[in-house]
Amino acid sequence: MGSINRFIAETAHTQLVQVKYLWKNKRMLAFQGLNLAMVVFSALMLWKGLQVFTESESPVVVVLSGSMEPAVQRGDILVLDNSQVTPIGVGEIVVFQIKGRDIPIVHRVLQVRTDYEGKQRLLTKGDNNQVDDRGLYATGQKWLERDDILGK
């Protein structure tokens, strides 16, 4: 335990010396600050570009549960496409978000209904679940609408 505390103390001291050095050398401090800003802004531009290209509010999601195993494993990273050119069909895997909840859900389309206006209504189910997702939907909601879909 003493060696760990010594290591932490030495590391903290080294970092403090580096910060003092940067503070004395204003040009180096500005250079490091600009490098950090460039990395952050590049990541933001990449994210916004993906949002425009995929037409999705959340173009990349990580699967959090095992409800779609074995097709999609927990921890898988999905890149979404939300273009509305082609309708969603039965058997497709979609990512949707329930109104009032923060976490998106990745499940397969079980049924598709199209009303007289041409609007699609979807019923979903996890491959590893026994029943459909009506119990997950918002109170009184029986079907998902296209606006609930983040991508496929």
# chains A, B, ... in the order shown; residues from 1 in each chain; ligands from 1

call {"tool": "residues_around", "arguments": {"residues": "A:Glu145", "least_positions_apart": "2", "cutoff": "10 Å", "atoms": "only C-alpha atoms", "output": "count of residues only"}}
result
13

call {"tool": "select_by_dssp", "arguments": {"residues": "chain A", "states": "helix (DSSP H, G or I)", "output": "short mmCIF file (atom, residue, chain, number, x, y, z; two decimals) with all heavy atoms, in the first residue's frame"}}
result
data_model
loop_
_atom_site.label_atom_id
_atom_site.label_comp_id
_atom_site.auth_asym_id
_atom_site.auth_seq_id
_atom_site.Cartn_x
_atom_site.Cartn_y
_atom_site.Cartn_z
N GLY A 2 2.01 1.19 0.68
CA GLY A 2 2.89 2.35 0.73
C GLY A 2 3.48 2.68 -0.62
O GLY A 2 3.69 3.85 -0.95
N SER A 3 3.78 1.66 -1.45
CA SER A 3 4.35 1.91 -2.77
C SER A 3 3.33 2.58 -3.68
O SER A 3 3.69 3.42 -4.51
CB SER A 3 4.85 0.61 -3.40
OG SER A 3 3.78 -0.29 -3.59
N ILE A 4 2.05 2.25 -3.52
CA ILE A 4 1.00 2.89 -4.33
C ILE A 4 0.89 4.36 -3.97
O ILE A 4 0.82 5.23 -4.84
CB ILE A 4 -0.35 2.16 -4.15
CG1 ILE A 4 -0.26 0.76 -4.73
CG2 ILE A 4 -1.48 2.94 -4.78
CD1 ILE A 4 -1.48 -0.09 -4.48
N ASN A 5 0.88 4.66 -2.67
CA ASN A 5 0.80 6.06 -2.23
C ASN A 5 2.02 6.84 -2.70
O ASN A 5 1.90 8.01 -3.10
CB ASN A 5 0.69 6.13 -0.71
CG ASN A 5 -0.67 5.66 -0.23
OD1 ASN A 5 -1.65 5.69 -0.97
ND2 ASN A 5 -0.73 5.21 1.02
N ARG A 6 3.20 6.23 -2.66
CA ARG A 6 4.42 6.88 -3.13
C ARG A 6 4.32 7.17 -4.64
O ARG A 6 4.67 8.25 -5.09
CB ARG A 6 5.64 5.99 -2.83
CG ARG A 6 6.95 6.72 -2.93
CD ARG A 6 8.16 5.90 -2.45
NE ARG A 6 7.87 4.93 -1.40
CZ ARG A 6 7.93 3.61 -1.57
NH1 ARG A 6 8.30 3.08 -2.71
NH2 ARG A 6 7.66 2.79 -0.56
N PHE A 7 3.81 6.20 -5.40
CA PHE A 7 3.65 6.37 -6.83
C PHE A 7 2.69 7.52 -7.15
O PHE A 7 2.95 8.35 -8.01
CB PHE A 7 3.13 5.07 -7.47
CG PHE A 7 2.78 5.21 -8.92
CD1 PHE A 7 3.77 5.30 -9.88
CD2 PHE A 7 1.45 5.29 -9.33
CE1 PHE A 7 3.46 5.43 -11.22
CE2 PHE A 7 1.13 5.43 -10.65
CZ PHE A 7 2.14 5.50 -11.62
N ILE A 8 1.57 7.57 -6.42
CA ILE A 8 0.59 8.65 -6.63
C ILE A 8 1.21 10.00 -6.30
O ILE A 8 1.05 10.98 -7.03
CB ILE A 8 -0.68 8.39 -5.79
CG1 ILE A 8 -1.43 7.17 -6.35
CG2 ILE A 8 -1.59 9.61 -5.79
CD1 ILE A 8 -2.59 6.71 -5.50
N ALA A 9 1.97 10.08 -5.21
CA ALA A 9 2.61 11.33 -4.81
C ALA A 9 3.65 11.77 -5.86
O ALA A 9 3.71 12.95 -6.21
CB ALA A 9 3.27 11.17 -3.45
N GLU A 10 4.43 10.83 -6.36
CA GLU A 10 5.43 11.17 -7.39
C GLU A 10 4.76 11.64 -8.68
O GLU A 10 5.21 12.60 -9.31
CB GLU A 10 6.32 9.96 -7.67
CG GLU A 10 7.30 9.64 -6.55
CD GLU A 10 8.06 8.34 -6.79
OE1 GLU A 10 7.89 7.73 -7.88
OE2 GLU A 10 8.80 7.93 -5.89
N THR A 11 3.68 10.97 -9.07
CA THR A 11 2.97 11.34 -10.28
C THR A 11 2.36 12.74 -10.13
O THR A 11 2.44 13.57 -11.04
CB THR A 11 1.86 10.32 -10.60
OG1 THR A 11 2.44 9.02 -10.70
CG2 THR A 11 1.15 10.65 -11.89
N ALA A 12 1.76 13.01 -8.99
CA ALA A 12 1.17 14.32 -8.75
C ALA A 12 2.24 15.41 -8.77
O ALA A 12 2.04 16.49 -9.34
CB ALA A 12 0.42 14.33 -7.41
N HIS A 13 3.40 15.12 -8.18
CA HIS A 13 4.49 16.09 -8.18
C HIS A 13 4.98 16.36 -9.61
O HIS A 13 5.21 17.51 -9.99
CB HIS A 13 5.65 15.58 -7.30
CG HIS A 13 6.84 16.48 -7.32
ND1 HIS A 13 6.84 17.70 -6.69
CD2 HIS A 13 8.06 16.36 -7.92
CE1 HIS A 13 8.01 18.29 -6.90
NE2 HIS A 13 8.77 17.49 -7.64
N THR A 14 5.13 15.30 -10.40
CA THR A 14 5.57 15.46 -11.80
C THR A 14 4.58 16.31 -12.58
O THR A 14 4.97 17.19 -13.35
CB THR A 14 5.72 14.08 -12.47
OG1 THR A 14 6.62 13.29 -11.70
CG2 THR A 14 6.22 14.20 -13.88
N GLN A 15 3.29 16.06 -12.39
CA GLN A 15 2.27 16.84 -13.10
C GLN A 15 2.30 18.30 -12.67
O GLN A 15 2.16 19.20 -13.50
CB GLN A 15 0.87 16.24 -12.83
CG GLN A 15 0.66 14.88 -13.43
CD GLN A 15 0.78 14.90 -14.94
OE1 GLN A 15 0.32 15.81 -15.61
NE2 GLN A 15 1.45 13.88 -15.48
N LEU A 16 2.51 18.54 -11.39
CA LEU A 16 2.59 19.91 -10.89
C LEU A 16 3.78 20.65 -11.50
O LEU A 16 3.67 21.81 -11.90
CB LEU A 16 2.68 19.91 -9.36
CG LEU A 16 2.70 21.27 -8.69
CD1 LEU A 16 1.41 22.02 -8.97
CD2 LEU A 16 2.91 21.12 -7.20
N VAL A 17 4.92 19.97 -11.62
CA VAL A 17 6.10 20.57 -12.24
C VAL A 17 5.81 20.92 -13.70
O VAL A 17 6.18 21.99 -14.18
CB VAL A 17 7.32 19.61 -12.13
CG1 VAL A 17 8.47 20.07 -13.00
CG2 VAL A 17 7.76 19.49 -10.67
N GLN A 18 5.13 20.02 -14.41
CA GLN A 18 4.79 20.27 -15.82
C GLN A 18 3.85 21.47 -15.98
O GLN A 18 4.00 22.28 -16.89
CB GLN A 18 4.16 19.01 -16.45
CG GLN A 18 5.12 17.87 -16.62
CD GLN A 18 6.20 18.19 -17.64
OE1 GLN A 18 5.98 18.90 -18.61
NE2 GLN A 18 7.40 17.68 -17.38
N VAL A 19 2.86 21.57 -15.09
CA VAL A 19 1.93 22.70 -15.15
C VAL A 19 2.66 24.00 -14.87
O VAL A 19 2.43 25.02 -15.55
CB VAL A 19 0.76 22.48 -14.15
CG1 VAL A 19 -0.06 23.75 -13.98
CG2 VAL A 19 -0.13 21.34 -14.62
N LYS A 20 3.55 24.01 -13.90
CA LYS A 20 4.34 25.22 -13.61
C LYS A 20 5.19 25.61 -14.81
O LYS A 20 5.32 26.79 -15.14
CB LYS A 20 5.22 25.00 -12.37
CG LYS A 20 4.46 25.03 -11.08
CD LYS A 20 5.39 24.83 -9.89
CE LYS A 20 4.64 24.84 -8.58
NZ LYS A 20 5.51 24.63 -7.43
N TYR A 21 5.79 24.62 -15.48
CA TYR A 21 6.60 24.88 -16.67
C TYR A 21 5.74 25.52 -17.76
O TYR A 21 6.15 26.50 -18.40
CB TYR A 21 7.25 23.59 -17.17
CG TYR A 21 7.92 23.76 -18.51
CD1 TYR A 21 9.13 24.44 -18.62
CD2 TYR A 21 7.33 23.27 -19.67
CE1 TYR A 21 9.74 24.61 -19.85
CE2 TYR A 21 7.92 23.43 -20.90
CZ TYR A 21 9.13 24.10 -20.99
OH TYR A 21 9.71 24.29 -22.22
N LEU A 22 4.55 24.94 -18.00
CA LEU A 22 3.67 25.49 -19.03
C LEU A 22 3.22 26.91 -18.67
O LEU A 22 3.11 27.77 -19.55
CB LEU A 22 2.44 24.60 -19.21
CG LEU A 22 2.57 23.42 -20.14
CD1 LEU A 22 1.30 22.60 -20.16
CD2 LEU A 22 2.94 23.84 -21.54
N TRP A 23 2.97 27.16 -17.39
CA TRP A 23 2.50 28.47 -16.98
C TRP A 23 3.58 29.54 -17.22
O TRP A 23 3.28 30.66 -17.58
CB TRP A 23 2.09 28.44 -15.51
CG TRP A 23 1.34 29.67 -15.13
CD1 TRP A 23 1.78 30.68 -14.34
CD2 TRP A 23 0.02 30.03 -15.54
NE1 TRP A 23 0.82 31.65 -14.23
CE2 TRP A 23 -0.28 31.27 -14.97
CE3 TRP A 23 -0.94 29.43 -16.35
CZ2 TRP A 23 -1.49 31.92 -15.17
CZ3 TRP A 23 -2.14 30.06 -16.53
CH2 TRP A 23 -2.41 31.29 -15.95
N LYS A 24 4.86 29.16 -17.05
CA LYS A 24 5.96 30.09 -17.31
C LYS A 24 6.16 30.31 -18.80
O LYS A 24 6.53 31.39 -19.23
CB LYS A 24 7.25 29.56 -16.69
CG LYS A 24 7.28 29.64 -15.19
CD LYS A 24 8.58 29.09 -14.66
CE LYS A 24 8.58 29.07 -13.13
NZ LYS A 24 9.79 28.43 -12.61
N LYS A 26 4.32 30.81 -21.82
CA LYS A 26 2.97 31.13 -22.31
C LYS A 26 2.75 30.65 -23.75
O LYS A 26 1.66 30.24 -24.11
CB LYS A 26 2.71 32.63 -22.23
CG LYS A 26 2.82 33.22 -20.86
CD LYS A 26 1.74 32.72 -19.95
CE LYS A 26 1.86 33.46 -18.63
NZ LYS A 26 1.12 32.88 -17.58
N ARG A 27 3.79 30.68 -24.57
CA ARG A 27 3.65 30.25 -25.96
C ARG A 27 3.32 28.74 -26.01
O ARG A 27 2.44 28.31 -26.76
CB ARG A 27 4.92 30.54 -26.75
CG ARG A 27 4.85 30.02 -28.16
CD ARG A 27 6.08 30.37 -28.93
NE ARG A 27 5.74 31.53 -29.73
CZ ARG A 27 6.61 32.27 -30.36
NH1 ARG A 27 7.89 32.03 -30.24
NH2 ARG A 27 6.22 33.27 -31.09
N MET A 28 4.00 27.96 -25.21
CA MET A 28 3.74 26.52 -25.16
C MET A 28 2.33 26.25 -24.61
O MET A 28 1.62 25.37 -25.09
CB MET A 28 4.79 25.82 -24.30
CG MET A 28 4.63 24.32 -24.25
SD MET A 28 4.85 23.49 -25.80
CE MET A 28 6.63 23.44 -25.90
N LEU A 29 1.91 27.02 -23.60
CA LEU A 29 0.58 26.88 -23.03
C LEU A 29 -0.48 27.17 -24.09
O LEU A 29 -1.45 26.41 -24.24
CB LEU A 29 0.42 27.82 -21.84
CG LEU A 29 -0.94 27.77 -21.13
CD1 LEU A 29 -1.15 26.40 -20.50
CD2 LEU A 29 -1.01 28.87 -20.08
N ALA A 30 -0.30 28.24 -24.86
CA ALA A 30 -1.25 28.57 -25.93
C ALA A 30 -1.28 27.47 -26.99
O ALA A 30 -2.35 27.09 -27.49
CB ALA A 30 -0.88 29.91 -26.56
N PHE A 31 -0.11 26.94 -27.33
CA PHE A 31 -0.03 25.87 -28.33
C PHE A 31 -0.79 24.63 -27.86
O PHE A 31 -1.56 24.02 -28.61
CB PHE A 31 1.44 25.54 -28.59
CG PHE A 31 1.65 24.46 -29.60
CD1 PHE A 31 1.42 24.71 -30.95
CD2 PHE A 31 2.07 23.20 -29.21
CE1 PHE A 31 1.61 23.71 -31.88
CE2 PHE A 31 2.26 22.19 -30.13
CZ PHE A 31 2.03 22.45 -31.48
N GLN A 32 -0.61 24.25 -26.58
CA GLN A 32 -1.31 23.09 -26.03
C GLN A 32 -2.83 23.33 -25.98
O GLN A 32 -3.61 22.44 -26.28
CB GLN A 32 -0.79 22.76 -24.62
CG GLN A 32 0.63 22.27 -24.57
CD GLN A 32 0.79 20.92 -25.26
OE1 GLN A 32 -0.12 20.14 -25.34
NE2 GLN A 32 1.99 20.67 -25.76
N GLY A 33 -3.21 24.55 -25.62
CA GLY A 33 -4.64 24.90 -25.59
C GLY A 33 -5.27 24.83 -26.97
O GLY A 33 -6.38 24.32 -27.14
N LEU A 34 -4.56 25.33 -27.98
CA LEU A 34 -5.07 25.28 -29.36
C LEU A 34 -5.16 23.84 -29.87
O LEU A 34 -6.10 23.48 -30.58
CB LEU A 34 -4.21 26.12 -30.28
CG LEU A 34 -4.37 27.64 -30.12
CD1 LEU A 34 -3.35 28.38 -30.97
CD2 LEU A 34 -5.78 28.07 -30.48
N ASN A 35 -4.17 23.02 -29.52
CA ASN A 35 -4.22 21.60 -29.91
C ASN A 35 -5.44 20.92 -29.31
O ASN A 35 -6.14 20.16 -29.99
CB ASN A 35 -2.95 20.87 -29.47
CG ASN A 35 -1.86 20.96 -30.50
OD1 ASN A 35 -2.11 21.20 -31.67
ND2 ASN A 35 -0.63 20.76 -30.05
N LEU A 36 -5.69 21.15 -28.04
CA LEU A 36 -6.85 20.56 -27.38
C LEU A 36 -8.14 21.05 -28.04
O LEU A 36 -9.04 20.25 -28.32
CB LEU A 36 -6.85 20.91 -25.89
CG LEU A 36 -8.06 20.42 -25.09
CD1 LEU A 36 -8.12 18.89 -25.10
CD2 LEU A 36 -8.00 20.95 -23.67
N ALA A 37 -8.25 22.33 -28.30
CA ALA A 37 -9.44 22.88 -28.94
C ALA A 37 -9.64 22.28 -30.33
O ALA A 37 -10.77 21.97 -30.73
CB ALA A 37 -9.34 24.40 -29.02
N MET A 38 -8.56 22.09 -31.07
CA MET A 38 -8.67 21.52 -32.41
C MET A 38 -9.20 20.08 -32.35
O MET A 38 -10.04 19.69 -33.16
CB MET A 38 -7.30 21.56 -33.11
CG MET A 38 -7.38 21.30 -34.58
SD MET A 38 -5.86 21.73 -35.45
CE MET A 38 -4.70 20.62 -34.70
N VAL A 39 -8.75 19.31 -31.39
CA VAL A 39 -9.22 17.93 -31.25
C VAL A 39 -10.71 17.92 -30.89
O VAL A 39 -11.50 17.17 -31.49
CB VAL A 39 -8.40 17.17 -30.19
CG1 VAL A 39 -9.04 15.85 -29.81
CG2 VAL A 39 -6.98 16.95 -30.68
N VAL A 40 -11.11 18.76 -29.96
CA VAL A 40 -12.51 18.80 -29.52
C VAL A 40 -13.41 19.25 -30.67
O VAL A 40 -14.45 18.64 -30.96
CB VAL A 40 -12.67 19.72 -28.28
CG1 VAL A 40 -14.14 20.00 -27.99
CG2 VAL A 40 -11.98 19.10 -27.08
N PHE A 41 -13.03 20.33 -31.37
CA PHE A 41 -13.86 20.83 -32.46
C PHE A 41 -13.89 19.87 -33.64
O PHE A 41 -14.91 19.75 -34.32
CB PHE A 41 -13.41 22.22 -32.89
CG PHE A 41 -13.74 23.29 -31.88
CD1 PHE A 41 -12.77 24.16 -31.45
CD2 PHE A 41 -15.01 23.39 -31.34
CE1 PHE A 41 -13.07 25.13 -30.50
CE2 PHE A 41 -15.33 24.36 -30.40
CZ PHE A 41 -14.35 25.24 -29.98
N SER A 42 -12.82 19.15 -33.88
CA SER A 42 -12.83 18.14 -34.95
C SER A 42 -13.82 17.03 -34.63
O SER A 42 -14.55 16.57 -35.51
CB SER A 42 -11.43 17.55 -35.14
OG SER A 42 -10.54 18.52 -35.61
N ALA A 43 -13.84 16.59 -33.39
CA ALA A 43 -14.79 15.56 -32.98
C ALA A 43 -16.22 16.05 -33.11
O ALA A 43 -17.10 15.33 -33.59
CB ALA A 43 -14.50 15.12 -31.54
N LEU A 44 -16.47 17.30 -32.72
CA LEU A 44 -17.82 17.87 -32.86
C LEU A 44 -18.24 17.98 -34.32
O LEU A 44 -19.38 17.68 -34.67
CB LEU A 44 -17.89 19.24 -32.18
CG LEU A 44 -17.90 19.23 -30.66
CD1 LEU A 44 -17.82 20.65 -30.12
CD2 LEU A 44 -19.15 18.55 -30.14
N MET A 45 -17.32 18.39 -35.18
CA MET A 45 -17.63 18.49 -36.61
C MET A 45 -17.92 17.11 -37.20
O MET A 45 -18.82 16.96 -38.01
CB MET A 45 -16.49 19.18 -37.37
CG MET A 45 -16.43 20.67 -37.12
SD MET A 45 -15.30 21.57 -38.18
CE MET A 45 -13.82 20.61 -38.15
N LEU A 46 -17.16 16.13 -36.80
CA LEU A 46 -17.38 14.77 -37.26
C LEU A 46 -18.77 14.28 -36.83
O LEU A 46 -19.51 13.70 -37.63
CB LEU A 46 -16.30 13.83 -36.74
CG LEU A 46 -16.40 12.38 -37.14
CD1 LEU A 46 -16.22 12.24 -38.65
CD2 LEU A 46 -15.36 11.56 -36.41
N TRP A 47 -19.13 14.53 -35.59
CA TRP A 47 -20.44 14.12 -35.07
C TRP A 47 -21.57 14.82 -35.84
O TRP A 47 -22.53 14.19 -36.25
CB TRP A 47 -20.53 14.43 -33.58
CG TRP A 47 -21.80 13.97 -32.95
CD1 TRP A 47 -22.89 14.73 -32.63
CD2 TRP A 47 -22.14 12.63 -32.59
NE1 TRP A 47 -23.87 13.95 -32.08
CE2 TRP A 47 -23.44 12.65 -32.04
CE3 TRP A 47 -21.47 11.42 -32.67
CZ2 TRP A 47 -24.08 11.52 -31.58
CZ3 TRP A 47 -22.11 10.28 -32.20
CH2 TRP A 47 -23.40 10.34 -31.66
N LYS A 48 -21.44 16.13 -36.03
CA LYS A 48 -22.47 16.88 -36.76
C LYS A 48 -22.55 16.42 -38.21
O LYS A 48 -23.63 16.32 -38.79
CB LYS A 48 -22.19 18.39 -36.71
CG LYS A 48 -22.52 19.02 -35.40
CD LYS A 48 -23.99 18.90 -35.11
CE LYS A 48 -24.35 19.56 -33.80
NZ LYS A 48 -25.74 19.36 -33.45
N GLY A 49 -21.41 16.11 -38.82
CA GLY A 49 -21.40 15.60 -40.19
C GLY A 49 -22.12 14.27 -40.27
O GLY A 49 -22.89 14.03 -41.22
N LEU A 50 -21.90 13.39 -39.31
CA LEU A 50 -22.61 12.11 -39.27
C LEU A 50 -24.11 12.31 -39.10
O LEU A 50 -24.91 11.61 -39.70
CB LEU A 50 -22.08 11.23 -38.13
CG LEU A 50 -20.85 10.40 -38.42
CD1 LEU A 50 -20.34 9.74 -37.15
CD2 LEU A 50 -21.13 9.36 -39.47
N GLN A 51 -24.49 13.29 -38.29
CA GLN A 51 -25.91 13.57 -38.10
C GLN A 51 -26.57 14.00 -39.42
O GLN A 51 -27.66 13.55 -39.75
CB GLN A 51 -26.12 14.67 -37.06
CG GLN A 51 -25.94 14.20 -35.64
CD GLN A 51 -26.17 15.30 -34.64
OE1 GLN A 51 -25.87 16.47 -34.89
NE2 GLN A 51 -26.70 14.95 -33.49
N VAL A 52 -25.90 14.84 -40.17
CA VAL A 52 -26.44 15.31 -41.45
C VAL A 52 -26.47 14.16 -42.46
O VAL A 52 -27.47 13.94 -43.15
CB VAL A 52 -25.62 16.50 -41.99
CG1 VAL A 52 -25.99 16.83 -43.43
CG2 VAL A 52 -25.80 17.71 -41.10
N PHE A 53 -25.38 13.41 -42.55
CA PHE A 53 -25.27 12.33 -43.53
C PHE A 53 -26.27 11.21 -43.28
O PHE A 53 -26.86 10.67 -44.21
CB PHE A 53 -23.83 11.78 -43.52
CG PHE A 53 -23.60 10.68 -44.51
CD1 PHE A 53 -23.54 10.95 -45.87
CD2 PHE A 53 -23.43 9.38 -44.08
CE1 PHE A 53 -23.34 9.94 -46.78
CE2 PHE A 53 -23.22 8.36 -44.98
CZ PHE A 53 -23.18 8.64 -46.33
N THR A 54 -26.47 10.84 -42.01
CA THR A 54 -27.36 9.73 -41.68
C THR A 54 -28.80 10.17 -41.42
O THR A 54 -29.67 9.32 -41.26
CB THR A 54 -26.86 8.97 -40.44
OG1 THR A 54 -26.88 9.85 -39.32
CG2 THR A 54 -25.48 8.41 -40.65
N ASP A 133 -43.14 -5.36 -27.63
CA ASP A 133 -42.69 -4.20 -26.84
C ASP A 133 -43.80 -3.28 -26.35
O ASP A 133 -43.50 -2.21 -25.82
CB ASP A 133 -41.69 -3.37 -27.66
CG ASP A 133 -40.38 -4.09 -27.86
OD1 ASP A 133 -40.09 -5.03 -27.11
OD2 ASP A 133 -39.64 -3.69 -28.78
N ARG A 134 -45.05 -3.67 -26.50
CA ARG A 134 -46.12 -2.76 -26.07
C ARG A 134 -46.00 -2.37 -24.60
O ARG A 134 -46.39 -1.28 -24.21
CB ARG A 134 -47.48 -3.37 -26.36
CG ARG A 134 -47.79 -3.33 -27.85
CD ARG A 134 -49.22 -3.73 -28.13
NE ARG A 134 -49.51 -3.47 -29.53
CZ ARG A 134 -50.12 -4.33 -30.32
NH1 ARG A 134 -50.51 -5.51 -29.85
NH2 ARG A 134 -50.36 -4.02 -31.56
N GLY A 135 -45.44 -3.24 -23.79
CA GLY A 135 -45.22 -2.92 -22.38
C GLY A 135 -44.13 -1.87 -22.17
O GLY A 135 -44.07 -1.24 -21.12
N ARG A 146 -43.26 6.71 -37.13
CA ARG A 146 -41.96 6.94 -37.79
C ARG A 146 -41.12 7.95 -37.02
O ARG A 146 -39.89 7.87 -37.01
CB ARG A 146 -42.19 7.38 -39.24
CG ARG A 146 -40.93 7.48 -40.08
CD ARG A 146 -40.28 6.10 -40.18
NE ARG A 146 -39.13 6.08 -41.04
CZ ARG A 146 -37.88 6.23 -40.62
NH1 ARG A 146 -37.63 6.41 -39.35
NH2 ARG A 146 -36.88 6.18 -41.47
N ASP A 147 -41.75 8.90 -36.35
CA ASP A 147 -41.02 9.92 -35.59
C ASP A 147 -40.29 9.33 -34.38
O ASP A 147 -39.34 9.93 -33.88
CB ASP A 147 -41.96 11.02 -35.11
CG ASP A 147 -42.53 11.84 -36.26
OD1 ASP A 147 -41.95 11.78 -37.36
OD2 ASP A 147 -43.54 12.54 -36.04
N ASP A 148 -40.73 8.17 -33.91
CA ASP A 148 -40.08 7.52 -32.76
C ASP A 148 -38.79 6.82 -33.16
O ASP A 148 -37.98 6.49 -32.30
CB ASP A 148 -41.02 6.49 -32.13
CG ASP A 148 -42.29 7.10 -31.58
OD1 ASP A 148 -42.21 8.21 -31.01
OD2 ASP A 148 -43.35 6.47 -31.71
#

call {"tool": "atom_distance", "arguments": {"atom1": "atom CA of A:Val94", "atom2": "atom CA of A:Leu80"}}
result
8.6 Å

call {"tool": "atom_distance", "arguments": {"atom1": "atom CA of A:Gly140", "atom2": "atom CA of A:Gly126"}}
result
20.1 Å

call {"tool": "select_by_dssp", "arguments": {"residues": "chain A", "states": "strand (DSSP E)", "output": "JSON, numbers by chain"}}
result
{"A": [60, 61, 62, 77, 78, 79, 93, 94, 95, 96, 105, 106, 107, 108, 109, 110, 111, 112, 113, 114, 120, 121, 122, 123, 124, 125, 144, 145, 149, 150, 151]}

call {"tool": "write_last_selection", "arguments": {"atoms": "C-alpha atoms", "output": "CSV table (one decimal), in the first residue's frame"}}
result
chain,number,residue,atom,x,y,z
A,60,VAL,CA,-24.1,6.0,-33.4
A,61,VAL,CA,-25.5,3.9,-30.5
A,62,VAL,CA,-24.1,1.3,-28.2
A,77,ILE,CA,-21.7,-0.3,-31.8
A,78,LEU,CA,-24.4,0.5,-34.4
A,79,VAL,CA,-24.2,3.2,-37.1
A,93,ILE,CA,-33.7,-4.0,-36.8
A,94,VAL,CA,-34.6,-0.4,-35.7
A,95,VAL,CA,-33.5,1.9,-32.9
A,96,PHE,CA,-36.3,3.8,-31.3
A,105,ILE,CA,-33.9,0.7,-27.7
A,106,VAL,CA,-32.6,-1.6,-30.4
A,107,HIS,CA,-35.3,-4.2,-31.5
A,108,ARG,CA,-36.7,-5.9,-34.6
A,109,VAL,CA,-39.9,-4.9,-36.4
A,110,LEU,CA,-42.5,-7.5,-35.8
A,111,GLN,CA,-45.5,-5.9,-37.6
A,112,VAL,CA,-46.0,-2.9,-39.9
A,113,ARG,CA,-49.4,-1.2,-40.4
A,114,THR,CA,-49.9,1.6,-42.9
A,120,GLN,CA,-46.4,3.6,-41.0
A,121,ARG,CA,-47.0,2.3,-37.5
A,122,LEU,CA,-44.6,-0.3,-36.2
A,123,LEU,CA,-44.7,-3.0,-33.5
A,124,THR,CA,-41.3,-4.2,-32.3
A,125,LYS,CA,-39.9,-7.1,-30.2
A,144,LEU,CA,-44.5,3.2,-32.8
A,145,GLU,CA,-44.7,6.0,-35.3
A,149,ILE,CA,-37.5,5.8,-34.9
A,150,LEU,CA,-33.9,7.1,-34.6
A,151,GLY,CA,-32.6,4.9,-37.4

call {"tool": "closest_atom_pairs", "arguments": {"of": "stretch 54-119 of chain A", "to": "stretch 136-139 of chain A", "cutoff": "9 Å", "atoms": "only C-alpha atoms", "output": "CSV"}}
result
residue,atom,partner,partner_atom,distance
A:Ile98,CA,A:Tyr137,CA,6.1
A:Lys99,CA,A:Ala138,CA,6.7
A:Gly100,CA,A:Ala138,CA,8.0

call {"tool": "atom_distance", "arguments": {"atom1": "atom CA of A:Gln97", "atom2": "atom CA of A:Lys152"}}
result
12.3 Å

call {"tool": "closest_residue", "arguments": {"among": "A:Ile103, A:Gln84, A:Glu92, A:Val131", "to": "A:Ser65", "atoms": "only C-alpha atoms"}}
result
A:Ile103

call {"tool": "decode", "arguments": {"residues": "stretch 8-19 of chain A", "atoms": "N, CA and C atoms", "output": "mmCIF file, in the first residue's frame"}}
result
data_model
loop_
_atom_site.group_PDB
_atom_site.id
_atom_site.type_symbol
_atom_site.label_atom_id
_atom_site.label_comp_id
_atom_site.auth_asym_id
_atom_site.auth_seq_id
_atom_site.Cartn_x
_atom_site.Cartn_y
_atom_site.Cartn_z
ATOM 1 N N ILE A 8 1.573 7.573 -6.419
ATOM 2 C CA ILE A 8 0.595 8.654 -6.631
ATOM 3 C C ILE A 8 1.214 9.999 -6.298
ATOM 4 N N ALA A 9 1.968 10.077 -5.209
ATOM 5 C CA ALA A 9 2.611 11.329 -4.810
ATOM 6 C C ALA A 9 3.645 11.774 -5.858
ATOM 7 N N GLU A 10 4.435 10.831 -6.360
ATOM 8 C CA GLU A 10 5.432 11.167 -7.386
ATOM 9 C C GLU A 10 4.764 11.635 -8.676
ATOM 10 N N THR A 11 3.685 10.969 -9.066
ATOM 11 C CA THR A 11 2.967 11.345 -10.284
ATOM 12 C C THR A 11 2.362 12.738 -10.134
ATOM 13 N N ALA A 12 1.756 13.013 -8.992
ATOM 14 C CA ALA A 12 1.166 14.324 -8.749
ATOM 15 C C ALA A 12 2.240 15.408 -8.774
ATOM 16 N N HIS A 13 3.398 15.124 -8.180
ATOM 17 C CA HIS A 13 4.492 16.086 -8.179
ATOM 18 C C HIS A 13 4.977 16.356 -9.610
ATOM 19 N N THR A 14 5.127 15.300 -10.404
ATOM 20 C CA THR A 14 5.571 15.460 -11.798
ATOM 21 C C THR A 14 4.578 16.310 -12.581
ATOM 22 N N GLN A 15 3.286 16.059 -12.387
ATOM 23 C CA GLN A 15 2.265 16.838 -13.097
ATOM 24 C C GLN A 15 2.302 18.301 -12.665
ATOM 25 N N LEU A 16 2.512 18.544 -11.391
ATOM 26 C CA LEU A 16 2.592 19.914 -10.892
ATOM 27 C C LEU A 16 3.780 20.646 -11.504
ATOM 28 N N VAL A 17 4.915 19.971 -11.618
ATOM 29 C CA VAL A 17 6.103 20.571 -12.240
ATOM 30 C C VAL A 17 5.813 20.915 -13.702
ATOM 31 N N GLN A 18 5.125 20.019 -14.413
ATOM 32 C CA GLN A 18 4.794 20.271 -15.824
ATOM 33 C C GLN A 18 3.848 21.466 -15.975
ATOM 34 N N VAL A 19 2.860 21.568 -15.091
ATOM 35 C CA VAL A 19 1.925 22.696 -15.145
ATOM 36 C C VAL A 19 2.660 24.004 -14.872
#
